[in-house]
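What follows is a single structure, written as structure tokens, with notes after it.
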Amino acid sequence: MNLRNYPRRKYAIDQFTQPHVTELEGENFHFVMDNGHDYYLAFTGEEDLEWHWDGDEAKHASYFCLKGDDTTYLVSFELDEFLDKHDREEHFFIIDLEQRLVTFCRCKVGENPKLPWLISSHYVFGAIEVPGMPLPLKRHVFTTDLIGTRVEWHWNTGMVTRHDYFTSSFYRITVPGASYGQADRSDALMQAIPSTDEVAQFIKIKDNLYLFSLVEELMERKLADFDPPYRSNDMKFLQNYDRMYHVGRTFGNVKAEGGGIRPCHIRFGAFGTRPELDEVFLNARNPYAP
């Protein structure tokens, strides 16, 4: 399955994607991370960079970059030493030049021996070292600001999804015309899911700019034996509520054309509007929560 060049264009997620941003070429960053390990990132080309943790040798990678606003960048790259589809690692950054802050996430496929496609996500916050300036004391933080927010995201001229951010640990998704617990397909695969609720995290970058992150974890746990088209993708949305758009990337695995599983690591984008959602959808019980 190719979400970027999908032959049925109404299911593609790239129509409103920003082009790859090359503005960081030539920039070098020293991130002072809260886990006690400094991280160094040097953008050596339009698509190439060098990275390393403090004390390690520099390594090379190919990256892509998107902008959430004029001074906030989303950067994503896979580590070259992880080539097996069951053993992949990605490094993800929100680089906030205005506040001199950084959010880092390490995403890994293959850490769960019983669910080898499941993706783990580990966040670390930090600050950007600038010579002659004190380190900022504030940080990007997990937040409840978005609870109660409902957004209709337009991925292309025909594909729309509706999100309800109803807790700080889950989100709920539907499409126009579908009720709670349903998607745009009524096959046995989708009927096997008790709801469309999924694990999520919400991080405040600055006023009206948020990182919304979801992992298709519950779907993977429930549908692993069904051979679903998606295998525990990690999707990260940098959401700008001043301009009502998001940019992001998906990292995971999808069913390949002709069978089998292939890696998926692509950019996406959408613009948002405020929807009206059915009360049945909004008030349904979350079957995964205590």
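Residue numbering restarts at 1 in every chain; chains get A, B, ... in the order shown in the structure tokens, and ligands count up from 1 in that same order.
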
Set the distance at 8 Å and use only C-alpha atoms: which residues neighbour A:Gln18 once local chain neighbours fewer than 4 positions away are removed? I'd like the list as a list of chain:residue names.
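Within the cut-off, the hits are A:Leu66, A:Val247, A:Phe268, A:Gly269.
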
Limited to all heavy atoms, could you put the picked residues into a file as a PDB file, in the first residue's frame?
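Heads up, here's the output in selection_13.pdb:
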ATOM      1  N   LEU A  66      10.189  19.893   7.865  1.00  0.00           N
ATOM      2  CA  LEU A  66       8.966  20.661   7.614  1.00  0.00           C
ATOM      3  C   LEU A  66       8.882  21.780   8.647  1.00  0.00           C
ATOM      4  O   LEU A  66       9.536  21.727   9.691  1.00  0.00           O
ATOM      5  CB  LEU A  66       7.734  19.755   7.725  1.00  0.00           C
ATOM      6  CG  LEU A  66       7.656  18.578   6.754  1.00  0.00           C
ATOM      7  CD1 LEU A  66       6.556  17.610   7.177  1.00  0.00           C
ATOM      8  CD2 LEU A  66       7.410  19.058   5.334  1.00  0.00           C
ATOM      9  N   VAL A 247       1.580  19.803   9.783  1.00  0.00           N
ATOM     10  CA  VAL A 247       2.589  19.089   9.017  1.00  0.00           C
ATOM     11  C   VAL A 247       3.023  17.907   9.864  1.00  0.00           C
ATOM     12  O   VAL A 247       2.928  17.935  11.082  1.00  0.00           O
ATOM     13  CB  VAL A 247       3.800  19.980   8.669  1.00  0.00           C
ATOM     14  CG1 VAL A 247       3.382  21.143   7.785  1.00  0.00           C
ATOM     15  CG2 VAL A 247       4.489  20.501   9.932  1.00  0.00           C
ATOM     16  N   PHE A 268       3.479  14.207   5.525  1.00  0.00           N
ATOM     17  CA  PHE A 268       2.080  14.466   5.203  1.00  0.00           C
ATOM     18  C   PHE A 268       1.694  15.861   5.676  1.00  0.00           C
ATOM     19  O   PHE A 268       2.465  16.538   6.376  1.00  0.00           O
ATOM     20  CB  PHE A 268       1.139  13.405   5.796  1.00  0.00           C
ATOM     21  CG  PHE A 268       1.185  13.268   7.296  1.00  0.00           C
ATOM     22  CD1 PHE A 268       0.689  14.255   8.138  1.00  0.00           C
ATOM     23  CD2 PHE A 268       1.703  12.118   7.881  1.00  0.00           C
ATOM     24  CE1 PHE A 268       0.711  14.125   9.517  1.00  0.00           C
ATOM     25  CE2 PHE A 268       1.732  11.976   9.267  1.00  0.00           C
ATOM     26  CZ  PHE A 268       1.234  12.981  10.084  1.00  0.00           C
ATOM     27  N   GLY A 269       0.513  16.283   5.292  1.00  0.00           N
ATOM     28  CA  GLY A 269       0.016  17.589   5.706  1.00  0.00           C
ATOM     29  C   GLY A 269      -1.471  17.683   5.483  1.00  0.00           C
ATOM     30  O   GLY A 269      -2.053  16.928   4.693  1.00  0.00           O
TER      31      GLY A 269
END

My list of candidates is A:Leu137, A:Pro113, A:Tyr288, A:Val102. Which is closest to A:Lys204 when distances are computed with only C-alpha atoms?
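Using only C-alpha atoms, the shortest distance to A:Lys204 belongs to A:Val102.
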
Record the distance separating atom CA of A:Asn286 and atom CA of A:Ser195, expressed in Å with one decimal.
7.6 Å

Looking only at strand (DSSP E) from DSSP on the backbone, list the matching residues of stretch 84-249 of chain A as a ChimeraX atom specification.
/A:88-96,101-109,119-128,141-142,149-154,160-165,170-174,198-206,209-215,230-240,245-249

Do a neighbour search on A:Arg106 at 8 Å with only C-alpha atoms, toss out local chain neighbours closer than 5 positions, and write the hits as a PDB file with all heavy atoms, in the first residue's frame.
ATOM      1  N   GLU A  89      15.084   2.221  13.529  1.00  0.00           N
ATOM      2  CA  GLU A  89      15.050   3.292  14.517  1.00  0.00           C
ATOM      3  C   GLU A  89      15.030   4.635  13.803  1.00  0.00           C
ATOM      4  O   GLU A  89      15.767   4.854  12.834  1.00  0.00           O
ATOM      5  CB  GLU A  89      16.260   3.205  15.450  1.00  0.00           C
ATOM      6  CG  GLU A  89      16.263   4.270  16.537  1.00  0.00           C
ATOM      7  CD  GLU A  89      17.345   4.052  17.571  1.00  0.00           C
ATOM      8  OE1 GLU A  89      17.667   2.878  17.877  1.00  0.00           O
ATOM      9  OE2 GLU A  89      17.883   5.059  18.082  1.00  0.00           O
ATOM     10  N   GLU A  90      14.190   5.527  14.303  1.00  0.00           N
ATOM     11  CA  GLU A  90      14.078   6.877  13.745  1.00  0.00           C
ATOM     12  C   GLU A  90      14.292   7.887  14.858  1.00  0.00           C
ATOM     13  O   GLU A  90      13.879   7.665  15.997  1.00  0.00           O
ATOM     14  CB  GLU A  90      12.691   7.067  13.124  1.00  0.00           C
ATOM     15  CG  GLU A  90      12.466   8.436  12.505  1.00  0.00           C
ATOM     16  CD  GLU A  90      11.300   9.182  13.117  1.00  0.00           C
ATOM     17  OE1 GLU A  90      10.868   8.812  14.235  1.00  0.00           O
ATOM     18  OE2 GLU A  90      10.828  10.146  12.499  1.00  0.00           O
ATOM     19  N   HIS A  91      14.948   9.007  14.519  1.00  0.00           N
ATOM     20  CA  HIS A  91      15.093  10.124  15.434  1.00  0.00           C
ATOM     21  C   HIS A  91      14.257  11.281  14.922  1.00  0.00           C
ATOM     22  O   HIS A  91      14.347  11.659  13.752  1.00  0.00           O
ATOM     23  CB  HIS A  91      16.554  10.536  15.581  1.00  0.00           C
ATOM     24  CG  HIS A  91      17.371   9.566  16.371  1.00  0.00           C
ATOM     25  ND1 HIS A  91      18.670   9.802  16.772  1.00  0.00           N
ATOM     26  CD2 HIS A  91      17.063   8.326  16.863  1.00  0.00           C
ATOM     27  CE1 HIS A  91      19.129   8.773  17.460  1.00  0.00           C
ATOM     28  NE2 HIS A  91      18.168   7.864  17.524  1.00  0.00           N
ATOM     29  N   PHE A  92      13.466  11.835  15.815  1.00  0.00           N
ATOM     30  CA  PHE A  92      12.489  12.871  15.466  1.00  0.00           C
ATOM     31  C   PHE A  92      12.725  14.080  16.360  1.00  0.00           C
ATOM     32  O   PHE A  92      12.918  13.944  17.578  1.00  0.00           O
ATOM     33  CB  PHE A  92      11.076  12.311  15.669  1.00  0.00           C
ATOM     34  CG  PHE A  92       9.973  13.312  15.466  1.00  0.00           C
ATOM     35  CD1 PHE A  92       9.370  13.446  14.225  1.00  0.00           C
ATOM     36  CD2 PHE A  92       9.541  14.121  16.521  1.00  0.00           C
ATOM     37  CE1 PHE A  92       8.356  14.368  14.038  1.00  0.00           C
ATOM     38  CE2 PHE A  92       8.530  15.038  16.338  1.00  0.00           C
ATOM     39  CZ  PHE A  92       7.935  15.172  15.089  1.00  0.00           C
ATOM     40  N   SER A 120       7.728   1.666  19.535  1.00  0.00           N
ATOM     41  CA  SER A 120       7.859   2.341  20.822  1.00  0.00           C
ATOM     42  C   SER A 120       8.334   3.777  20.576  1.00  0.00           C
ATOM     43  O   SER A 120       9.112   4.040  19.659  1.00  0.00           O
ATOM     44  CB  SER A 120       8.849   1.608  21.727  1.00  0.00           C
ATOM     45  OG  SER A 120      10.126   1.558  21.120  1.00  0.00           O
ATOM     46  N   SER A 121       7.855   4.708  21.413  1.00  0.00           N
ATOM     47  CA  SER A 121       8.232   6.111  21.295  1.00  0.00           C
ATOM     48  C   SER A 121       8.711   6.613  22.653  1.00  0.00           C
ATOM     49  O   SER A 121       7.992   6.470  23.646  1.00  0.00           O
ATOM     50  CB  SER A 121       7.043   6.959  20.824  1.00  0.00           C
ATOM     51  OG  SER A 121       6.645   6.597  19.520  1.00  0.00           O
ATOM     52  N   HIS A 122       9.900   7.206  22.690  1.00  0.00           N
ATOM     53  CA  HIS A 122      10.484   7.685  23.937  1.00  0.00           C
ATOM     54  C   HIS A 122      10.855   9.159  23.766  1.00  0.00           C
ATOM     55  O   HIS A 122      11.730   9.495  22.957  1.00  0.00           O
ATOM     56  CB  HIS A 122      11.723   6.872  24.307  1.00  0.00           C
ATOM     57  CG  HIS A 122      11.477   5.394  24.385  1.00  0.00           C
ATOM     58  ND1 HIS A 122      10.850   4.795  25.456  1.00  0.00           N
ATOM     59  CD2 HIS A 122      11.745   4.387  23.508  1.00  0.00           C
ATOM     60  CE1 HIS A 122      10.759   3.490  25.253  1.00  0.00           C
ATOM     61  NE2 HIS A 122      11.292   3.223  24.074  1.00  0.00           N
ATOM     62  N   TYR A 123      10.208  10.029  24.538  1.00  0.00           N
ATOM     63  CA  TYR A 123      10.413  11.473  24.429  1.00  0.00           C
ATOM     64  C   TYR A 123      11.454  11.967  25.432  1.00  0.00           C
ATOM     65  O   TYR A 123      11.525  11.483  26.562  1.00  0.00           O
ATOM     66  CB  TYR A 123       9.101  12.220  24.679  1.00  0.00           C
ATOM     67  CG  TYR A 123       8.164  12.205  23.495  1.00  0.00           C
ATOM     68  CD1 TYR A 123       7.135  11.264  23.417  1.00  0.00           C
ATOM     69  CD2 TYR A 123       8.303  13.127  22.460  1.00  0.00           C
ATOM     70  CE1 TYR A 123       6.276  11.248  22.336  1.00  0.00           C
ATOM     71  CE2 TYR A 123       7.450  13.112  21.377  1.00  0.00           C
ATOM     72  CZ  TYR A 123       6.439  12.177  21.314  1.00  0.00           C
ATOM     73  OH  TYR A 123       5.597  12.164  20.248  1.00  0.00           O
TER      74      TYR A 123
END

Identify which of the residues A:Asn240, A:Asn35, A:Asn156, A:Thr144 lies closest to A:Gly126, counting only C-alpha atoms when measuring atom-to-atom distances.
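Using only C-alpha atoms, A:Gly126 sits closest to A:Asn35.
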
If I take atom CA of A:Phe29 and atom CA of A:Ala42, how far is one from the other in Å, to one decimal?
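Interatomic distance here is 6.2 Å.
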
For A:Asn28, which residue out of A:Leu146, A:Leu41, A:Ala192, A:Leu101 is the nearest one, using only C-alpha atoms?
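The answer is A:Leu41, which sits nearest to A:Asn28.
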
Let me make sure I understand: among A:Arg285, A:His37, A:Arg267, A:Lys67, which one has the smallest atom-to-atom distance to A:Trp155 if we use only C-alpha atoms?
A:Arg267

Contact residues around A:Gly148 with only C-alpha atoms at 9 Å, ignoring same-chain residues under 5 positions, as a list in words:
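Those residues are Asp164, Tyr165, Phe166 and Thr167 of chain A.
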
Next, the residues of the selection above should be written as an mmCIF file, in the first residue's frame with N, CA, C and O atoms.
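Saved to selection.cif:
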data_model
loop_
_atom_site.group_PDB
_atom_site.id
_atom_site.type_symbol
_atom_site.label_atom_id
_atom_site.label_comp_id
_atom_site.auth_asym_id
_atom_site.auth_seq_id
_atom_site.Cartn_x
_atom_site.Cartn_y
_atom_site.Cartn_z
ATOM 1 N N ASP A 164 -11.300 13.947 17.729
ATOM 2 C CA ASP A 164 -11.784 14.459 19.002
ATOM 3 C C ASP A 164 -10.706 14.168 20.037
ATOM 4 O O ASP A 164 -10.355 13.010 20.274
ATOM 5 N N TYR A 165 -10.136 15.222 20.642
ATOM 6 C CA TYR A 165 -9.095 15.074 21.651
ATOM 7 C C TYR A 165 -9.765 15.136 23.019
ATOM 8 O O TYR A 165 -9.932 16.197 23.608
ATOM 9 N N PHE A 166 -10.171 13.954 23.509
ATOM 10 C CA PHE A 166 -11.072 13.899 24.661
ATOM 11 C C PHE A 166 -10.381 13.549 25.965
ATOM 12 O O PHE A 166 -10.969 13.707 27.033
ATOM 13 N N THR A 167 -9.141 13.045 25.906
ATOM 14 C CA THR A 167 -8.340 12.847 27.115
ATOM 15 C C THR A 167 -6.894 13.152 26.761
ATOM 16 O O THR A 167 -6.550 13.351 25.597
#
